[in-house]
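Everything below concerns the one structure shown next.
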Amino acid sequence: RVDAFVANSQEIALELRDLGISEEKIAEFPNGVALPGEDALSEAMSLRIGNAFSYAGRLITDKSVDVLYDAACLLFNSGETDFKLELIGTGAEKDRIEAEIQGTEISACIYLPGFATDIYEAYKQADFFVCASRREGQSNALLEAMSIGLIPIVFAASGVEEVVEDGLNGYLVKECTPAAFLEKMRMVLSMSAEQRREMSAAARQFAEDNISIDA
């Protein structure tokens with residue numbers, strides 16, 4: 001017997017209602033994160049040059065890490081070599097990708113550093129947070145990324161559209177395909193420094209207003 005269901009996004013709460021769960025048994029509690037301080041944010045902004053993408057989470061097929069990797073390969077093979085994709089975390093996909101890129105030219109663009117003990121430190125030199133996961137409630141990795149001003153480029157999975165307003169504080173990818181992510185990656189690489197600063201500030205502001213533990 002279940003007394004209550006906790007939903008960390010409006011979309012999940014709606015799905016529970018569609019399953020016939022009564023309203024009084026659904027408790028909506030969005031995720032929250034501890035925001036890095038202004039000094040850490042300022043340092044990160046000073047290090048960013050507009051060409052670094054980061055993902056953090058489990059490196060497994062269920063997270064569609066292959067979509068991000070394949071998008072990076074398409075970008076590289078199109079002649080764009082001045083970028084960095086960092087896949088932070090551990091899992092079977094880490095081993096597979098490391099083996100595939102070993103000794104190849106694209107290894108200069110793709111990094112797999114493993115588990116990060118301090119994710120905000122790991123994010124400091126990144127510009128964009130990428131995620132192709134098809135199933136998310138409200139991703140802590142996304143919230144942490146926005147908290148330190150990373151611009152999200154994420155598949156429009158459940159709960160994500162409650163956080164990312166397309167074109168304002170990040171970008172939603174409507175199709176979970178390498179081609180769709182390639183299109184967005186190419187687009188953001190052409191953004192001016194001022195455009196990046198404005199969108200980064202909007203991502204951070206959303207975090208301050210909505211997902212800070214103190215909000």
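In the structure tokens, each chain is lettered A, B, ... as it comes, each chain's residues begin at 1, and ligands are numbered from 1 in order of appearance.
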- request: Pull the strand (DSSP E or B) assignments for stretch 82-137 of chain A out of DSSP run on the backbone, and list those residues as an NGL selection string.
  value: :A and (84-88 or 110-114 or 128-131)
Would you output that residue set with N, CA, C and O atoms, as a PDB file, in the first residue's frame?
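Contents of selection.pdb, as written:
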ATOM      1  N   LYS A  84      35.370  21.140 -27.800  1.00  0.00           N
ATOM      2  CA  LYS A  84      35.666  20.120 -26.795  1.00  0.00           C
ATOM      3  C   LYS A  84      34.354  19.545 -26.280  1.00  0.00           C
ATOM      4  O   LYS A  84      33.441  20.292 -25.939  1.00  0.00           O
ATOM      5  N   LEU A  85      34.254  18.231 -26.252  1.00  0.00           N
ATOM      6  CA  LEU A  85      33.127  17.551 -25.623  1.00  0.00           C
ATOM      7  C   LEU A  85      33.676  16.739 -24.462  1.00  0.00           C
ATOM      8  O   LEU A  85      34.499  15.835 -24.656  1.00  0.00           O
ATOM      9  N   GLU A  86      33.219  17.062 -23.260  1.00  0.00           N
ATOM     10  CA  GLU A  86      33.654  16.347 -22.069  1.00  0.00           C
ATOM     11  C   GLU A  86      32.492  15.540 -21.525  1.00  0.00           C
ATOM     12  O   GLU A  86      31.434  16.097 -21.208  1.00  0.00           O
ATOM     13  N   LEU A  87      32.687  14.236 -21.451  1.00  0.00           N
ATOM     14  CA  LEU A  87      31.671  13.320 -20.938  1.00  0.00           C
ATOM     15  C   LEU A  87      32.119  12.879 -19.548  1.00  0.00           C
ATOM     16  O   LEU A  87      32.987  12.022 -19.403  1.00  0.00           O
ATOM     17  N   ILE A  88      31.526  13.483 -18.525  1.00  0.00           N
ATOM     18  CA  ILE A  88      31.950  13.275 -17.146  1.00  0.00           C
ATOM     19  C   ILE A  88      31.121  12.159 -16.519  1.00  0.00           C
ATOM     20  O   ILE A  88      29.891  12.215 -16.530  1.00  0.00           O
ATOM     21  N   ILE A 110      37.510  15.020 -27.660  1.00  0.00           N
ATOM     22  CA  ILE A 110      36.587  14.312 -26.764  1.00  0.00           C
ATOM     23  C   ILE A 110      37.350  13.828 -25.535  1.00  0.00           C
ATOM     24  O   ILE A 110      38.371  13.148 -25.649  1.00  0.00           O
ATOM     25  N   TYR A 111      36.833  14.192 -24.367  1.00  0.00           N
ATOM     26  CA  TYR A 111      37.489  13.874 -23.105  1.00  0.00           C
ATOM     27  C   TYR A 111      36.540  13.069 -22.218  1.00  0.00           C
ATOM     28  O   TYR A 111      35.353  13.377 -22.133  1.00  0.00           O
ATOM     29  N   LEU A 112      37.073  12.072 -21.548  1.00  0.00           N
ATOM     30  CA  LEU A 112      36.295  11.236 -20.636  1.00  0.00           C
ATOM     31  C   LEU A 112      37.047  11.152 -19.312  1.00  0.00           C
ATOM     32  O   LEU A 112      37.767  10.177 -19.051  1.00  0.00           O
ATOM     33  N   PRO A 113      36.912  12.156 -18.454  1.00  0.00           N
ATOM     34  CA  PRO A 113      37.741  12.239 -17.252  1.00  0.00           C
ATOM     35  C   PRO A 113      37.303  11.341 -16.109  1.00  0.00           C
ATOM     36  O   PRO A 113      37.988  11.249 -15.093  1.00  0.00           O
ATOM     37  N   GLY A 114      36.153  10.682 -16.232  1.00  0.00           N
ATOM     38  CA  GLY A 114      35.658   9.854 -15.146  1.00  0.00           C
ATOM     39  C   GLY A 114      34.790  10.637 -14.181  1.00  0.00           C
ATOM     40  O   GLY A 114      34.262  11.706 -14.509  1.00  0.00           O
ATOM     41  N   PHE A 128      28.615  24.986 -22.439  1.00  0.00           N
ATOM     42  CA  PHE A 128      27.301  24.424 -22.725  1.00  0.00           C
ATOM     43  C   PHE A 128      27.147  23.072 -22.029  1.00  0.00           C
ATOM     44  O   PHE A 128      28.085  22.274 -21.991  1.00  0.00           O
ATOM     45  N   PHE A 129      25.949  22.817 -21.508  1.00  0.00           N
ATOM     46  CA  PHE A 129      25.623  21.515 -20.945  1.00  0.00           C
ATOM     47  C   PHE A 129      24.772  20.772 -21.956  1.00  0.00           C
ATOM     48  O   PHE A 129      23.747  21.290 -22.418  1.00  0.00           O
ATOM     49  N   VAL A 130      25.172  19.563 -22.316  1.00  0.00           N
ATOM     50  CA  VAL A 130      24.425  18.774 -23.293  1.00  0.00           C
ATOM     51  C   VAL A 130      23.905  17.496 -22.645  1.00  0.00           C
ATOM     52  O   VAL A 130      24.587  16.871 -21.838  1.00  0.00           O
ATOM     53  N   CYS A 131      22.687  17.145 -23.001  1.00  0.00           N
ATOM     54  CA  CYS A 131      22.095  15.906 -22.496  1.00  0.00           C
ATOM     55  C   CYS A 131      21.058  15.409 -23.485  1.00  0.00           C
ATOM     56  O   CYS A 131      20.175  16.167 -23.892  1.00  0.00           O
TER      57      CYS A 131
END
query: Which residues in chain A does DSSP call alpha helix (DSSP H)? List them as a ChimeraX atom specification.
result: /A:10-18,38-47,65-77,92-101,119-123,140-147,178-189,193-206
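Residues surrounding stretch 172-179 of chain A within 7 Å are Val67, Leu68, Asp70, Ala71, Ala132, Ile153, Val154, Phe155, Ala156, Asp166, Leu182 and Glu183 of chain A [only C-alpha atoms; sequence separation below 3 positions excluded].
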Include N, CA, C and O atoms and write out the residues we just selected as a short mmCIF file (atom, residue, chain, number, x, y, z; two decimals), in the first residue's frame.
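result23.cif was written with the following content:
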data_model
loop_
_atom_site.label_atom_id
_atom_site.label_comp_id
_atom_site.auth_asym_id
_atom_site.auth_seq_id
_atom_site.Cartn_x
_atom_site.Cartn_y
_atom_site.Cartn_z
N VAL A 67 24.33 9.41 -28.62
CA VAL A 67 23.82 10.51 -29.46
C VAL A 67 24.77 11.71 -29.38
O VAL A 67 25.10 12.33 -30.40
N LEU A 68 25.25 12.03 -28.19
CA LEU A 68 26.19 13.15 -28.01
C LEU A 68 27.52 12.84 -28.68
O LEU A 68 28.10 13.70 -29.37
N ASP A 70 28.09 10.70 -31.17
CA ASP A 70 27.93 10.68 -32.63
C ASP A 70 27.77 12.09 -33.19
O ASP A 70 28.26 12.39 -34.29
N ALA A 71 27.10 12.98 -32.44
CA ALA A 71 26.97 14.37 -32.89
C ALA A 71 28.34 15.04 -32.94
O ALA A 71 28.65 15.79 -33.89
N ALA A 132 21.17 14.14 -23.86
CA ALA A 132 20.25 13.54 -24.82
C ALA A 132 19.36 12.48 -24.18
O ALA A 132 18.69 11.72 -24.88
N ILE A 153 21.76 22.56 -23.65
CA ILE A 153 21.31 22.08 -24.96
C ILE A 153 20.83 20.67 -24.70
O ILE A 153 21.63 19.73 -24.62
N VAL A 154 19.53 20.49 -24.54
CA VAL A 154 19.02 19.24 -23.98
C VAL A 154 17.80 18.74 -24.74
O VAL A 154 16.99 19.53 -25.24
N PHE A 155 17.70 17.43 -24.82
CA PHE A 155 16.51 16.84 -25.41
C PHE A 155 15.31 17.16 -24.53
O PHE A 155 15.39 17.16 -23.30
N ALA A 156 14.18 17.44 -25.18
CA ALA A 156 12.97 17.87 -24.46
C ALA A 156 12.28 16.69 -23.80
O ALA A 156 11.15 16.33 -24.13
N ASP A 166 13.20 27.59 -24.34
CA ASP A 166 13.96 27.54 -25.58
C ASP A 166 14.28 28.93 -26.11
O ASP A 166 13.39 29.75 -26.33
N LEU A 182 23.72 17.99 -33.57
CA LEU A 182 24.72 18.65 -34.41
C LEU A 182 24.26 20.04 -34.81
O LEU A 182 25.04 21.01 -34.75
N GLU A 183 23.00 20.16 -35.20
CA GLU A 183 22.47 21.46 -35.62
C GLU A 183 22.58 22.49 -34.50
O GLU A 183 23.01 23.63 -34.72
#
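Minimum atom-to-atom distances from A:Gly167, A:Gly149, A:Gly89, A:Gly103 to A:Ser46 were compared using only C-alpha atoms, and the lowest value belongs to A:Gly149.
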- request: Can you pull out every residue within 10 Å of A:Glu38, counting only C-alpha atoms, but drop anything in the same chain fewer than 5 positions away, and send it as a VMD selection string?
  value: chain A and resid 43 to 44 148
Save out the residues we just selected, N, CA and C atoms, as a compact mmCIF listing (two decimals), in the first residue's frame.
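Output below, filename part00.txt:
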# COMPACT_ATOMS: atom_id res chain seq x y z
N GLU A 43 34.72 33.46 -11.74
CA GLU A 43 35.92 32.76 -12.22
C GLU A 43 35.59 31.90 -13.43
N ALA A 44 34.47 31.18 -13.36
CA ALA A 44 34.07 30.34 -14.48
C ALA A 44 33.84 31.17 -15.74
N ILE A 148 25.73 27.24 -12.45
CA ILE A 148 27.03 27.86 -12.66
C ILE A 148 27.11 28.50 -14.05
Could you pull the residues within 10 Å of A:Glu80, counting only C-alpha atoms, minus those fewer than 5 positions along the same chain, as a JSON list (two decimals) with all heavy atoms, in the first residue's frame?
[["chain", "number", "residue", "atom", "x", "y", "z"],
["A", 72, "ALA", "N", 29.17, 14.76, -31.95],
["A", 72, "ALA", "CA", 30.52, 15.32, -31.94],
["A", 72, "ALA", "C", 31.34, 14.79, -33.11],
["A", 72, "ALA", "O", 32.12, 15.53, -33.73],
["A", 72, "ALA", "CB", 31.21, 15.01, -30.62],
["A", 73, "CYS", "N", 31.17, 13.51, -33.43],
["A", 73, "CYS", "CA", 31.88, 12.93, -34.58],
["A", 73, "CYS", "C", 31.43, 13.61, -35.87],
["A", 73, "CYS", "O", 32.26, 13.90, -36.75],
["A", 73, "CYS", "CB", 31.64, 11.43, -34.63],
["A", 73, "CYS", "SG", 32.44, 10.49, -33.33],
["A", 74, "LEU", "N", 30.14, 13.83, -36.01],
["A", 74, "LEU", "CA", 29.63, 14.52, -37.21],
["A", 74, "LEU", "C", 30.21, 15.93, -37.30],
["A", 74, "LEU", "O", 30.59, 16.39, -38.38],
["A", 74, "LEU", "CB", 28.10, 14.59, -37.17],
["A", 74, "LEU", "CG", 27.34, 13.28, -37.37],
["A", 74, "LEU", "CD1", 25.84, 13.50, -37.13],
["A", 74, "LEU", "CD2", 27.57, 12.73, -38.76],
["A", 75, "LEU", "N", 30.28, 16.62, -36.17],
["A", 75, "LEU", "CA", 30.82, 17.97, -36.14],
["A", 75, "LEU", "C", 32.30, 17.95, -36.56],
["A", 75, "LEU", "O", 32.73, 18.77, -37.40],
["A", 75, "LEU", "CB", 30.67, 18.55, -34.73],
["A", 75, "LEU", "CG", 31.07, 20.01, -34.52],
["A", 75, "LEU", "CD1", 30.21, 20.94, -35.37],
["A", 75, "LEU", "CD2", 30.94, 20.38, -33.04],
["A", 186, "ARG", "N", 26.37, 23.36, -33.74],
["A", 186, "ARG", "CA", 26.89, 24.30, -34.73],
["A", 186, "ARG", "C", 26.38, 25.72, -34.47],
["A", 186, "ARG", "O", 27.13, 26.70, -34.57],
["A", 186, "ARG", "CB", 26.46, 23.86, -36.13],
["A", 186, "ARG", "CG", 27.36, 22.83, -36.78],
["A", 186, "ARG", "CD", 26.86, 22.51, -38.16],
["A", 186, "ARG", "NE", 27.76, 21.65, -38.91],
["A", 186, "ARG", "CZ", 27.38, 20.90, -39.92],
["A", 186, "ARG", "NH1", 26.12, 20.88, -40.31],
["A", 186, "ARG", "NH2", 28.27, 20.15, -40.55],
["A", 189, "LEU", "N", 28.08, 27.38, -31.40],
["A", 189, "LEU", "CA", 29.48, 27.71, -31.65],
["A", 189, "LEU", "C", 29.62, 29.02, -32.39],
["A", 189, "LEU", "O", 30.70, 29.64, -32.35],
["A", 189, "LEU", "CB", 30.16, 26.58, -32.43],
["A", 189, "LEU", "CG", 30.46, 25.30, -31.65],
["A", 189, "LEU", "CD1", 30.98, 24.22, -32.59],
["A", 189, "LEU", "CD2", 31.46, 25.56, -30.53]]
